[in-house]
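Student: Below you will find the structure I want to go over with you.
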Amino acid sequence: MIASEETFRQLMIKAQGGDKLCYSSLLVECDKWLRRYYARKINPSAIDDLVQETLISVHRKRASYDPARAFLPWLAAIGRYRWIDSLRKIYRHEHDHLYEEMVADPQDEDVTAKVSLERLLGMIPQKQAEVISLVKIEGLSIIEAAAKTGQSESLVKVNIHRGLKKMSALIESE
């Protein structure tokens with residue numbers, strides 16, 4: 001059984017206070033919750049690695065948790081960013097390889113991730129998708145993306161923010 005929001009919150013508050021037993025229990029419960037969270041988002045063979053990366057991020061960011069706020073949205077945000085990072089990594093490293101193969105196995109994790117990312121980018125306005133691809137996937141700076149697209153730097157930032165927010169909403173709705 002997965003712990004309740006209040007249980008997560010209390011465990012985190014005690015963990016922030018230095019209670020190692022509560023911190024260990026919190027990580028066990030987060031592991032269970034994250035496995036369910038990622039179950040429909042990624043290939044089952046990649047869940048273990050992504051859960052571990054997310055738990056490391058939780059560990060690194062634990063001081064940023066505000067005890068006055070709910071825990072699960074904080075955990076979900078970290079999980080969502082780690083998931084997007086994993087998609088970006090797969091897309092970036094396998095981009096050339098995917099285009100070389102004329103016929104790809106639809107069960108291939110890299111193909112699934114690339115198709116998912118391209119589908120998400122296709123569901124947001126074109127200007128947002130363009131700057132997200134340039135900055136977040138290709139690694140261009142805001143200044144370079146602004147020059148390439150003809151948008152101002154502030155508009156590039158706004159379009160990235162709005163596009164990522166829209167993509168996150170689309171992911172959550174699925």
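We label chains A, B, ... in the order they appear in the structure tokens, count residues from 1 in each chain, and number ligands from 1 in the order shown.
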Find the residues around stretch 11-20 of chain A up to 7 Å (only C-alpha atoms counted), leave out those fewer than 4 positions away in its own chain, and share them as number ranges by chain.

Tutor: A: 7, 24, 26, 63, 67

Student: I need the residues from that last selection saved to file as an mmCIF file, in the first residue's frame (with C-alpha atoms), if you can.

Tutor:
```cif
data_model
loop_
_atom_site.group_PDB
_atom_site.id
_atom_site.type_symbol
_atom_site.label_atom_id
_atom_site.label_comp_id
_atom_site.auth_asym_id
_atom_site.auth_seq_id
_atom_site.Cartn_x
_atom_site.Cartn_y
_atom_site.Cartn_z
ATOM 1 C CA THR A 7 2.476 10.265 5.833
ATOM 2 C CA SER A 24 14.865 5.562 5.045
ATOM 3 C CA LEU A 26 10.459 8.005 3.099
ATOM 4 C CA ALA A 63 16.419 20.881 1.832
ATOM 5 C CA PRO A 67 6.972 21.567 5.154
#
```

Student: Within 12 Å of A:Arg80, counting only C-alpha atoms, which residues qualify if same-chain residues fewer than 6 places away don't, as an NGL selection string?

Tutor: :A and (34 or 37-38 or 41-42 or 50-51 or 53-54 or 57 or 72-74 or 86-87 or 164-165 or 167-172)

Student: Got a sec to tell me which of stretch 21-166 of chain A DSSP assigns to alpha helix (DSSP H), as an MDAnalysis selection string?

Tutor: chainID A and resid 21:38 47:61 71:100 109:122 126:132 142:149 153:166

Student: With distances taken over only C-alpha atoms, which residue among A:Ile84, A:Leu55, A:Ala145, A:Ala70 lies nearest A:Arg9?

Tutor: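 Of all the options, A:Ala70 lies closest to A:Arg9.
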
Student: Interatomic distance between atom CA of A:His161 and atom CA of A:Glu5?

Tutor: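 It comes out at 27.9 Å.
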
Student: What is the distance, in Å and to one decimal place, between atom CA of A:Ala146 and atom CA of A:Ala77?

Tutor: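 Rounded to one decimal, the two atoms are 27.5 Å apart.
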
Student: Determine the nearest neighbour of A:Asp49 from the options A:Trp83, A:Trp33, A:Tyr91, A:Phe71, counting only C-alpha atoms.

Tutor: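 The answer is A:Trp83, which sits nearest to A:Asp49.
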
Student: Which one of A:Arg60, A:Asp48, A:Ser141, A:Val158 sits closest to A:Arg36 if you count only C-alpha atoms?

Tutor: A:Asp48

Student: With distances taken over only C-alpha atoms, which of A:Leu121, A:Ile47, A:Ile137, A:Ala147 is nearest to A:Lys32?

Tutor: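 Residue with the minimum atom-to-atom distance to A:Lys32: A:Ile47.
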
Student: Between atom CA of A:Arg69 and atom CA of A:Val28, what is the spacing in Å?

Tutor: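 So the two atoms, atom CA of A:Val28 and atom CA of A:Arg69, lie 20.8 Å apart.
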